[in-house]
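Contents: one structure, followed by commentary.
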Amino acid sequence: MSSPRLAAWLLALLFTCICSSTSAQPAARPVPLKSGIEFTGAEVRALQGDEFANPGMLWISRGSALWDQPAGKEGRACAGCHGEAAAGMKAVATRYPQIDRASGALINLEGRIQQCREQRQHAPPFKYESEELLGLTAYVRQQSNGMPLSISIAGAAQPHFERGREFYYQRFGQMNLSCAQCHQDNWGKKLGPEAISQGHGNPYPIYRLEWQTMGSLHRRFRSCLSGVRAEMLPQGSPAYLDLELYLAWRSGNLPIEAPGVRR
Amino acid sequence: MAARISVPQNARRGDQIEIRIAIQHPMETGYRVEDNGTAITKNVINKLLCRYNGAEVFRAEMGSGISANPYLSFFIVAAASGELRFDWVDDTGVAGSERSAIIVA
């Protein structure tokens, strides 16, 4: 074997070793990135695009009212500290999930709203999938519409990111399917009558026609896991937060489109 | 019951104007069951009325076939300045109402 060929062979071997020792499945984004709205029909697109007819706007109205409504012992409203949401909450949602400085834990937007409610307003927290929390989350996310996420996966967030990536490629349930097998490897193809989307979190919380109501990203995780006959975790569980962080990275420069409408 | 209505604030006399209303409601069909098998009682907004300066201009009688969070749109002719009033009631007797002013020149 000639020396350049030997060198190339050794390099290839070394590369294979490195890849297999760190991880079998590297973090990857679909190319090109497409929002889930591109996989829906014209009617769903029209519904999401119509600011009045979009059913999610009912929850936005609720969130907007809650924003100004005093709560807790001191009777403090969100607006009391943050002012007008249009100014005070602009681009805020693009930074979630993030590491909470005080606790060092990974926290998503829902978690931050809950934390504010408990620690600042001294009010009882909302339930994870409650109308109130969905409304407030949608309202705050709406203030970042059209902006891509800018999250950090370095430092304390890195182990969460790695766990999220592992979750993404982990096969689950009786159907023995991973997230990646549908949403990374086979997006754009059909699963029954529906096109498989790339599975991004940018429109959440969404109004899903199948649910006939608004739902969080974690509810969607539960639906997917139920679909592959796997065990579902409760909303807000650490594994789902890790997955949310991975998905946030994976959605690259896709803009937030809240409240989204999906089939 | 949260609701959103869309009524043009200004219109010219004789104009056809679009009125839109969306109401947050589960519109329970009566055909669904809980996880433990007990039937969920039917509960839909069965009647919605729109009055224009007191006179009825639109009425909807809805049933199990209407999806959750119903959204309705209809046209009326702008006749005079005044108020549009919407009233609705569901099977459990919970009623809601909204109103909106309109200026017709």
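Letters A, B, ... mark the chains of the structure tokens in the order given; residue numbers begin at 1 per chain; ligand numbers begin at 1, in order shown.
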Range 170-217 of chain A near range 67-85 of chain B within 12 Å: what's each residue's closest atom pair and its distance in Å to one decimal, counting only C-alpha atoms, ordered by chain then ascending residue number, as a Markdown table?
| residue | atom | partner | partner_atom | distance |
| --- | --- | --- | --- | --- |
| A:Tyr207 | CA | B:Asn69 | CA | 10.6 |
| A:Arg208 | CA | B:Ala68 | CA | 11.1 |
| A:Leu209 | CA | B:Ala68 | CA | 9.0 |
| A:Glu210 | CA | B:Ser67 | CA | 10.5 |
| A:Trp211 | CA | B:Ala68 | CA | 9.4 |
| A:Gln212 | CA | B:Ala68 | CA | 5.8 |
| A:Thr213 | CA | B:Ala68 | CA | 7.5 |
| A:Met214 | CA | B:Asn69 | CA | 10.6 |
Same residues, C-alpha atoms, output as a compact mmCIF listing (two decimals), in the first residue's frame:
# COMPACT_ATOMS: atom_id res chain seq x y z
CA TYR A 207 -54.34 25.08 18.25
CA ARG A 208 -54.61 21.53 16.99
CA LEU A 209 -57.79 20.66 15.10
CA GLU A 210 -57.57 17.04 16.28
CA TRP A 211 -57.49 18.23 19.89
CA GLN A 212 -60.14 20.89 19.26
CA THR A 213 -58.17 23.05 21.66
CA MET A 214 -54.82 24.62 22.41
*Find the residues in chain A near chain B: any atom within 10 Å counts, using only C-alpha atoms. Write them as a list of chain:residue names.*
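Within 10 Å of chain B on chain A, we get A:Phe52, A:Ala53, A:Asn54, A:Pro55, A:Gly56, A:Met57, A:Leu58, A:Trp59, A:Ser61, A:Arg62, A:Leu209, A:Trp211, A:Gln212, A:Thr213.
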Using N, CA and C atoms, can you write the selected residues to a file as a short mmCIF file (atom, residue, chain, number, x, y, z; two decimals), in the first residue's frame?
data_model
loop_
_atom_site.label_atom_id
_atom_site.label_comp_id
_atom_site.auth_asym_id
_atom_site.auth_seq_id
_atom_site.Cartn_x
_atom_site.Cartn_y
_atom_site.Cartn_z
N PHE A 52 -57.97 36.96 12.82
CA PHE A 52 -59.23 36.84 13.57
C PHE A 52 -59.68 35.40 13.68
N ALA A 53 -59.67 34.68 12.54
CA ALA A 53 -60.23 33.33 12.53
C ALA A 53 -59.34 32.32 13.25
N ASN A 54 -58.05 32.58 13.38
CA ASN A 54 -57.14 31.67 14.09
C ASN A 54 -57.69 31.41 15.50
N PRO A 55 -58.12 30.15 15.77
CA PRO A 55 -58.75 29.89 17.07
C PRO A 55 -57.81 30.13 18.25
N GLY A 56 -56.50 30.05 17.99
CA GLY A 56 -55.53 30.30 19.05
C GLY A 56 -55.62 31.71 19.60
N MET A 57 -56.20 32.62 18.81
CA MET A 57 -56.31 34.01 19.26
C MET A 57 -57.23 34.14 20.47
N LEU A 58 -58.13 33.18 20.64
CA LEU A 58 -58.98 33.21 21.84
C LEU A 58 -58.12 33.04 23.09
N TRP A 59 -57.09 32.20 22.97
CA TRP A 59 -56.19 31.99 24.11
C TRP A 59 -55.26 33.19 24.29
N SER A 61 -56.15 36.23 23.66
CA SER A 61 -56.97 37.23 24.36
C SER A 61 -56.95 36.96 25.86
N ARG A 62 -57.07 35.68 26.20
CA ARG A 62 -57.05 35.29 27.60
C ARG A 62 -55.71 35.65 28.24
N LEU A 209 -56.40 20.97 15.45
CA LEU A 209 -57.79 20.66 15.10
C LEU A 209 -58.21 19.30 15.68
N TRP A 211 -57.22 18.04 18.47
CA TRP A 211 -57.49 18.23 19.89
C TRP A 211 -58.72 19.10 20.12
N GLN A 212 -59.06 19.91 19.13
CA GLN A 212 -60.14 20.89 19.26
C GLN A 212 -59.83 21.90 20.35
N THR A 213 -58.57 22.08 20.64
CA THR A 213 -58.17 23.05 21.66
C THR A 213 -56.68 23.37 21.49
#
*Separation of CA of Ile153 in chain A and CA of Ile256 in chain A, in Å?*
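Spanning CA of Ile153 in chain A to CA of Ile256 in chain A is a straight-line distance of 18.6 Å.
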_Taking 6 positions as the minimum chain separation for residues in the same chain, which residues sit within 10 Å of Cys179 in chain A when counting only C-alpha atoms? Answer as a PyMOL selection string._
chain A and resi 167-172+185+198-199+221+224-225+228
*Assign secondary structure with DSSP using the backbone only, and return the residues of range 18-198 of chain A in strand (DSSP E) as a list of chain:residue names.*
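Taking range 18-198 of chain A and keeping strand (DSSP E) only, one gets A:Gln98, A:Ile99, A:Leu106, A:Ile107, A:Lys190, A:Leu191, A:Glu194, A:Ala195.
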*May I have the residues within 7 Å of Ile45 in chain B as an NGL selection string, using only C-alpha atoms and disregarding those fewer than 4 positions away in the same chain?*
:B and (27 or 62 or 88-91)
List the spatial neighbours of Gly155 in chain A as an mmCIF file with N, CA and C atoms, in the first residue's frame - criterion: any atom at most 12 Å away, only C-alpha atoms, same-chain residues fewer than 6 positions off excluded.
data_model
loop_
_atom_site.group_PDB
_atom_site.id
_atom_site.type_symbol
_atom_site.label_atom_id
_atom_site.label_comp_id
_atom_site.auth_asym_id
_atom_site.auth_seq_id
_atom_site.Cartn_x
_atom_site.Cartn_y
_atom_site.Cartn_z
ATOM 1 N N GLN A 98 -33.763 27.758 28.683
ATOM 2 C CA GLN A 98 -32.467 28.281 29.113
ATOM 3 C C GLN A 98 -32.163 27.765 30.520
ATOM 4 N N ILE A 99 -30.902 27.945 30.930
ATOM 5 C CA ILE A 99 -30.521 27.558 32.291
ATOM 6 C C ILE A 99 -30.946 28.671 33.245
ATOM 7 N N GLY A 104 -29.926 26.692 38.524
ATOM 8 C CA GLY A 104 -29.038 25.914 37.663
ATOM 9 C C GLY A 104 -29.764 24.875 36.832
ATOM 10 N N LEU A 106 -32.595 23.518 33.895
ATOM 11 C CA LEU A 106 -33.114 23.940 32.590
ATOM 12 C C LEU A 106 -34.583 24.311 32.749
ATOM 13 N N PHE A 161 -28.525 19.355 26.385
ATOM 14 C CA PHE A 161 -28.578 19.235 24.931
ATOM 15 C C PHE A 161 -28.228 17.809 24.499
ATOM 16 N N GLU A 162 -27.176 17.257 25.116
ATOM 17 C CA GLU A 162 -26.754 15.893 24.755
ATOM 18 C C GLU A 162 -27.834 14.876 25.091
#
*Of the candidates A:Glu74, A:Asp242, A:Glu231, A:Glu118, which shows the shortest atom-to-atom distance to Ala157 in chain A, using only C-alpha atoms?*
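Of all the options, A:Asp242 lies closest to Ala157 in chain A.
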Within 7 Å of range 91-97 of chain A using only C-alpha atoms, minus same-chain residues under 3 positions, as a JSON list (two decimals) with C-alpha atoms, in the first residue's frame:
[["chain", "number", "residue", "atom", "x", "y", "z"],
["A", 106, "LEU", "CA", -33.11, 23.94, 32.59],
["A", 107, "ILE", "CA", -36.33, 25.93, 32.35],
["A", 108, "ASN", "CA", -38.72, 26.61, 29.49],
["A", 109, "LEU", "CA", -41.07, 29.55, 28.97],
["A", 140, "VAL", "CA", -45.62, 35.97, 25.50],
["A", 141, "ARG", "CA", -44.39, 33.88, 22.54],
["A", 143, "GLN", "CA", -44.36, 39.00, 21.08],
["A", 144, "SER", "CA", -41.44, 37.23, 19.38],
["A", 148, "PRO", "CA", -35.67, 32.89, 15.15],
["A", 149, "LEU", "CA", -34.67, 31.29, 18.45],
["A", 150, "SER", "CA", -31.30, 32.20, 19.94],
["A", 151, "ILE", "CA", -30.68, 29.65, 22.67],
["A", 245, "LEU", "CA", -33.75, 22.28, 24.05]]
